[in-house]
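K.L.:
Input structure.cif, format and content: mmCIF, C-alpha atoms and all ligand atoms.
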```cif
data_structure
#
loop_
_atom_site.label_atom_id
_atom_site.label_comp_id
_atom_site.auth_asym_id
_atom_site.auth_seq_id
_atom_site.Cartn_x
_atom_site.Cartn_y
_atom_site.Cartn_z
CA MET D 25 -72.41 26.81 35.88
CA SER D 26 -75.70 28.62 35.71
CA ALA D 27 -76.68 31.48 33.44
CA ALA D 28 -77.54 33.42 36.61
CA VAL D 29 -73.92 33.24 37.78
CA GLU D 30 -72.65 34.44 34.43
CA ARG D 31 -75.20 37.27 34.45
CA ARG D 32 -74.29 38.42 37.96
CA LEU D 33 -70.56 38.34 37.15
CA ALA D 34 -71.21 40.53 34.12
CA GLU D 35 -73.39 42.90 36.20
CA LEU D 36 -70.66 43.14 38.80
CA ALA D 37 -68.09 43.93 36.10
CA GLU D 38 -70.35 46.73 34.82
CA GLU D 39 -70.82 48.05 38.34
CA ILE D 40 -67.03 48.14 38.82
CA ARG D 41 -66.45 49.80 35.43
CA GLY D 42 -68.95 52.52 36.30
CA HIS D 43 -67.74 53.04 39.86
CA ARG D 44 -66.67 56.57 40.84
CA GLY D 45 -67.26 59.10 43.58
CA CYS D 46 -66.17 57.11 46.63
CA GLY D 47 -63.25 59.42 47.35
CA PHE D 48 -60.60 56.70 47.29
CA GLU D 49 -57.65 57.92 45.22
CA PRO D 50 -57.32 54.91 42.84
CA CYS D 51 -61.05 54.95 42.05
CA GLU D 52 -60.98 58.71 41.44
CA THR D 53 -57.78 58.92 39.39
CA CYS D 54 -57.69 55.74 37.28
CA LEU D 55 -58.40 55.79 33.55
CA HIS D 56 -60.36 52.53 33.57
CA PRO D 57 -61.41 50.39 36.50
CA VAL D 58 -60.41 46.76 35.86
CA PRO D 59 -63.03 44.28 37.07
CA GLY D 60 -61.23 41.06 36.16
CA GLU D 61 -62.23 38.44 33.62
CA GLY D 62 -62.14 34.81 32.65
CA SER D 63 -64.23 31.69 32.81
CA ALA D 64 -67.25 31.83 35.12
CA SER D 65 -66.77 28.10 35.69
CA ALA D 66 -63.00 28.28 36.24
CA GLU D 67 -61.48 25.76 38.64
CA ILE D 68 -58.65 28.17 39.44
CA ALA D 69 -58.94 31.87 40.22
CA PHE D 70 -55.79 34.02 40.31
CA VAL D 71 -55.92 37.17 42.40
CA GLY D 72 -53.30 39.86 41.81
CA GLU D 73 -52.67 43.14 43.60
CA ALA D 74 -53.95 46.01 41.46
CA PRO D 75 -53.99 47.07 37.82
CA GLY D 76 -50.77 48.59 36.47
CA ALA D 77 -50.37 51.26 33.77
CA ARG D 78 -51.21 49.03 30.82
CA GLU D 79 -54.17 47.42 32.61
CA ASP D 80 -55.41 50.93 33.46
CA ARG D 81 -55.27 51.93 29.80
CA GLU D 82 -56.97 48.78 28.52
CA GLY D 83 -59.38 48.02 31.38
CA ARG D 84 -58.23 44.39 31.47
CA PRO D 85 -56.21 42.51 34.11
CA PHE D 86 -52.65 41.30 33.62
CA VAL D 87 -52.07 42.56 30.08
CA GLY D 88 -48.64 44.12 30.78
CA PRO D 89 -45.27 42.43 31.35
CA ALA D 90 -46.43 40.59 34.51
CA GLY D 91 -49.42 39.31 32.52
CA GLN D 92 -47.16 38.01 29.77
CA LEU D 93 -45.24 36.03 32.36
CA LEU D 94 -48.52 34.81 33.86
CA ASP D 95 -49.53 33.56 30.40
CA ARG D 96 -46.25 31.66 30.03
CA LEU D 97 -46.69 30.10 33.47
CA LEU D 98 -50.24 29.05 32.57
CA GLN D 99 -49.00 27.58 29.30
CA SER D 100 -46.41 25.56 31.24
CA ILE D 101 -49.33 23.59 32.71
CA SER D 102 -51.34 23.59 29.49
CA LEU D 103 -53.81 26.25 30.60
CA ALA D 104 -54.89 29.40 28.79
CA ARG D 105 -56.46 32.59 30.13
CA GLU D 106 -59.90 31.41 29.01
CA ASP D 107 -59.62 28.41 31.34
CA VAL D 108 -59.11 30.44 34.51
CA PHE D 109 -60.48 33.54 36.24
CA VAL D 110 -58.11 36.46 36.82
CA THR D 111 -58.82 39.45 39.01
CA ASN D 112 -57.16 41.81 41.49
CA VAL D 113 -57.59 42.97 45.06
CA LEU D 114 -57.94 46.61 43.94
CA LYS D 115 -60.01 47.22 40.83
CA ALA D 116 -58.39 50.58 40.11
CA ARG D 117 -54.74 51.53 39.62
CA PRO D 118 -53.12 53.36 42.53
CA PRO D 119 -51.35 56.45 41.15
CA GLY D 120 -47.74 55.71 40.19
CA ASN D 121 -48.32 52.03 40.99
CA ARG D 122 -47.91 52.73 44.69
CA ASP D 123 -48.87 49.99 47.14
CA PRO D 124 -52.56 49.56 47.97
CA ARG D 125 -53.60 51.18 51.27
CA PRO D 126 -55.61 49.27 53.89
CA GLY D 127 -58.71 51.44 53.40
CA GLU D 128 -58.60 50.82 49.65
CA VAL D 129 -58.34 47.07 50.15
CA PHE D 130 -61.26 47.19 52.59
CA HIS D 131 -63.28 49.26 50.09
CA SER D 132 -62.66 46.78 47.23
CA TRP D 133 -63.12 43.57 49.24
CA PRO D 134 -66.90 43.11 48.68
CA TRP D 135 -66.32 42.98 44.89
CA LEU D 136 -63.52 40.43 45.19
CA LYS D 137 -65.48 38.34 47.68
CA GLU D 138 -68.52 38.21 45.42
CA GLN D 139 -66.45 37.37 42.34
CA VAL D 140 -64.80 34.46 44.14
CA GLU D 141 -68.12 33.23 45.56
CA LEU D 142 -69.74 33.35 42.12
CA VAL D 143 -66.94 31.47 40.34
CA ARG D 144 -66.41 29.13 43.31
CA PRO D 145 -63.04 27.88 42.06
CA ARG D 146 -61.51 24.82 43.67
CA LEU D 147 -58.23 26.72 43.98
CA VAL D 148 -57.88 30.37 44.92
CA VAL D 149 -54.36 31.49 44.01
CA PRO D 150 -53.32 34.75 45.67
CA LEU D 151 -50.41 36.28 43.74
CA GLY D 152 -48.15 38.17 46.13
CA ARG D 153 -48.58 39.54 49.59
CA TYR D 154 -51.52 41.90 49.18
CA ALA D 155 -53.79 39.19 47.82
CA LEU D 156 -52.51 36.68 50.35
CA GLU D 157 -53.25 39.05 53.24
CA CYS D 158 -56.92 39.26 52.16
CA PHE D 159 -57.46 35.52 52.36
CA LEU D 160 -54.92 34.31 54.93
CA PRO D 161 -53.97 37.25 57.13
CA GLY D 162 -50.47 36.95 58.56
CA ALA D 163 -49.34 34.29 56.07
CA ARG D 164 -46.06 34.99 54.28
CA VAL D 165 -45.66 34.27 50.60
CA SER D 166 -41.96 33.43 51.04
CA VAL D 167 -42.97 30.63 53.43
CA GLU D 168 -46.26 29.40 51.98
CA HIS D 169 -45.71 29.67 48.21
CA GLY D 170 -46.69 26.55 46.28
CA ARG D 171 -48.46 24.90 49.24
CA ALA D 172 -52.18 24.12 49.37
CA ILE D 173 -53.77 25.62 52.47
CA ARG D 174 -57.31 24.61 53.41
CA GLN D 175 -59.31 27.23 55.28
CA ALA D 176 -63.05 27.11 56.00
CA GLY D 177 -63.56 24.66 53.11
CA TRP D 178 -61.64 26.75 50.56
CA THR D 179 -58.25 25.80 49.14
CA TYR D 180 -55.61 28.49 48.70
CA VAL D 181 -52.29 28.10 46.91
CA PRO D 182 -50.26 31.26 47.54
CA LEU D 183 -47.76 32.10 44.81
CA TYR D 184 -45.22 34.84 44.27
CA HIS D 185 -46.48 37.72 42.17
CA PRO D 186 -45.18 37.47 38.58
CA ALA D 187 -43.86 41.05 38.86
CA ALA D 188 -41.52 39.81 41.62
CA ALA D 189 -40.08 37.24 39.21
CA LEU D 190 -39.57 39.98 36.62
CA ARG D 191 -37.52 41.92 39.18
CA MET D 192 -35.67 38.85 40.50
CA TYR D 193 -35.13 36.39 37.69
CA PRO D 194 -34.35 33.27 39.81
CA LEU D 195 -37.90 33.45 41.18
CA THR D 196 -39.13 32.41 37.71
CA GLU D 197 -37.81 28.89 38.37
CA THR D 198 -39.60 28.85 41.71
CA MET D 199 -42.81 30.00 40.06
CA LEU D 200 -42.54 27.33 37.35
CA ALA D 201 -42.08 24.67 40.04
CA ASP D 202 -45.04 26.05 42.03
CA PHE D 203 -47.25 26.14 38.93
CA ALA D 204 -46.28 22.55 38.11
CA ARG D 205 -47.90 21.52 41.41
CA LEU D 206 -51.24 23.24 40.72
CA PRO D 207 -52.77 20.22 38.89
CA GLU D 208 -52.08 17.94 41.85
CA HIS D 209 -53.50 20.51 44.29
CA LEU D 210 -56.54 20.84 42.05
CA ALA D 211 -57.12 17.09 41.98
CA ALA D 212 -57.02 17.00 45.79
CA ALA D 213 -59.15 20.08 46.45
CA PRO D 214 -62.73 19.62 47.67
CA GLU D 215 -65.56 21.62 46.20
CA PRO D 216 -65.72 24.86 48.19
CA PRO D 217 -68.77 25.94 50.20
CA ALA D 218 -71.02 28.75 48.95
CA GLU D 219 -69.65 31.38 51.28
CA LEU D 220 -66.11 32.66 51.46
CA ILE D 221 -65.26 32.99 55.12
CA VAL D 222 -62.12 34.91 55.96
CA GLU D 223 -60.95 36.90 58.95
CA PRO D 224 -62.57 40.32 58.65
CA LEU D 225 -60.38 42.94 57.02
CA VAL D 226 -59.68 46.03 59.03
CA ALA D 227 -59.54 49.38 57.21
N1 LIG L 1 -50.17 43.39 38.55
C1 LIG L 1 -51.29 43.01 39.20
O1 LIG L 1 -51.28 42.70 40.37
N2 LIG L 1 -52.43 42.98 38.50
C2 LIG L 1 -52.52 43.29 37.22
O2 LIG L 1 -53.62 43.23 36.66
C3 LIG L 1 -51.33 43.67 36.57
C4 LIG L 1 -50.17 43.71 37.24
#
```
Would you mind writing the file's structure down as structure tokens?

P.N.:
Amino acid sequence: MSAAVERRLAELAEEIRGHRGCGFEPCETCLHPVPGEGSASAEIAFVGEAPGAREDREGRPFVGPAGQLLDRLLQSISLAREDVFVTNVLKARPPGNRDPRPGEVFHSWPWLKEQVELVRPRLVVPLGRYALECFLPGARVSVEHGRAIRQAGWTYVPLYHPAAALRMYPLTETMLADFARLPEHLAAAPEPPAELIVEPLVA
């Protein structure tokens, strides 16, 4: 991975941290925008929904209860945070943790797209339905979870969001089983092309 990629990822993170004034509620009301973080040469990128309360306070992704579960799931396949890249669809917390709105997702998409194109992971792992909808519109996490889906040269493995497993404990077993398959999906995944091509989002 080149120094230029690392530099641009860091610039992008600064741009996101300094972002204000667009009029979108999460960007205007959050305490700290959360750009995402991890290895610039990660082979797996996890994409969550939006920062929660703890992430908003600390400016870092997945540091609350869902993040603790994510860490345990990573450990179950001998990975640590430093080995992967972790980011979110929205970079700012929607007030009260409400669901992201289509306009907000549209607004944040160029940041997510550039992060993914810079890291160029072999596996993009959307966590939950909001992330999945960005990459594979119309796909349902309850149907596709744990499967590798190839689209325009990129490999996606949709997974349930860890917060769903915290609400519904039996999903933890499902998530462990889905994580256990990530190494085999990784071994089979081709190197992705330079550009991330998805169906255009509609605000
Ligand atoms: N949930 C998410 O989707 N992202 C975070 O960073 C934390 C909780």

K.L.:
May I ask which of the residues D:Gly60, D:Gly83, D:Pro161, D:Pro118 is the closest one to Val226 (chain D), counting only C-alpha atoms?

P.N.:
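Closest residue, counting only C-alpha atoms: D:Pro161.
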
K.L.:
For Cys46 (chain D), which residue among D:Thr196, D:Thr111, D:Ser132, D:Gln92 is the nearest when counting all atoms listed in the file?

P.N.:
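Checking each candidate against Cys46 (chain D), we get D:Ser132 as the closest.
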
K.L.:
Nearest to ligand LIG 1 (chain L): which of D:Arg78, D:Arg96, D:Arg122, D:Arg41 is it, counting only C-alpha atoms and all ligand atoms?

P.N.:
D:Arg78

K.L.:
May I ask for the distance between CA of Ala213 (chain D) and CA of Thr179 (chain D), given in Å to one decimal place?

P.N.:
6.4 Å

K.L.:
7 Å from ligand LIG 1 (chain L) is the threshold here; counting all atoms listed in the file, which polymer residues fall inside it? Answer as a CSV table (one decimal) with C-alpha atoms, in the frame of the given file.

P.N.:
```csv
chain,number,residue,atom,x,y,z
D,72,GLY,CA,-53.3,39.9,41.8
D,73,GLU,CA,-52.7,43.1,43.6
D,74,ALA,CA,-54.0,46.0,41.5
D,75,PRO,CA,-54.0,47.1,37.8
D,76,GLY,CA,-50.8,48.6,36.5
D,79,GLU,CA,-54.2,47.4,32.6
D,85,PRO,CA,-56.2,42.5,34.1
D,86,PHE,CA,-52.6,41.3,33.6
D,87,VAL,CA,-52.1,42.6,30.1
D,88,GLY,CA,-48.6,44.1,30.8
D,90,ALA,CA,-46.4,40.6,34.5
D,91,GLY,CA,-49.4,39.3,32.5
D,111,THR,CA,-58.8,39.4,39.0
D,112,ASN,CA,-57.2,41.8,41.5
D,187,ALA,CA,-43.9,41.0,38.9
```

K.L.:
List as an NGL selection string: which residues have an atom within 10 Å of (-73.5, 33.6, 38.4), counting only C-alpha atoms?

P.N.:
:D and (25-36 or 64-65 or 138-139 or 141-144)

K.L.:
Might you pull out every residue within 7 Å of Pro145 (chain D), with all atoms listed in the file counted and same-chain residues fewer than 2 positions away left off, and present them as a CSV table (one decimal) with C-alpha atoms, in the frame of the given file?

P.N.:
```csv
chain,number,residue,atom,x,y,z
D,66,ALA,CA,-63.0,28.3,36.2
D,67,GLU,CA,-61.5,25.8,38.6
D,68,ILE,CA,-58.6,28.2,39.4
D,69,ALA,CA,-58.9,31.9,40.2
D,143,VAL,CA,-66.9,31.5,40.3
D,147,LEU,CA,-58.2,26.7,44.0
D,148,VAL,CA,-57.9,30.4,44.9
```

K.L.:
From the list D:Leu151, D:Glu106, D:Ala77, D:Arg117, which residue is nearest Glu52 (chain D) when using all atoms listed in the file?

P.N.:
D:Arg117

K.L.:
Kindly indicate which residue among D:Arg105, D:Glu61, D:Pro126, D:Ala176 lies nearest to Leu93 (chain D), using only C-alpha atoms for the distances.

P.N.:
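Smallest distance to Leu93 (chain D) is found for D:Arg105.
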
K.L.:
Pick out the closest residue to Pro214 (chain D) from this set: D:His185, D:Ala172, D:Arg81, D:Met192. Count all atoms listed in the file.

P.N.:
D:Ala172
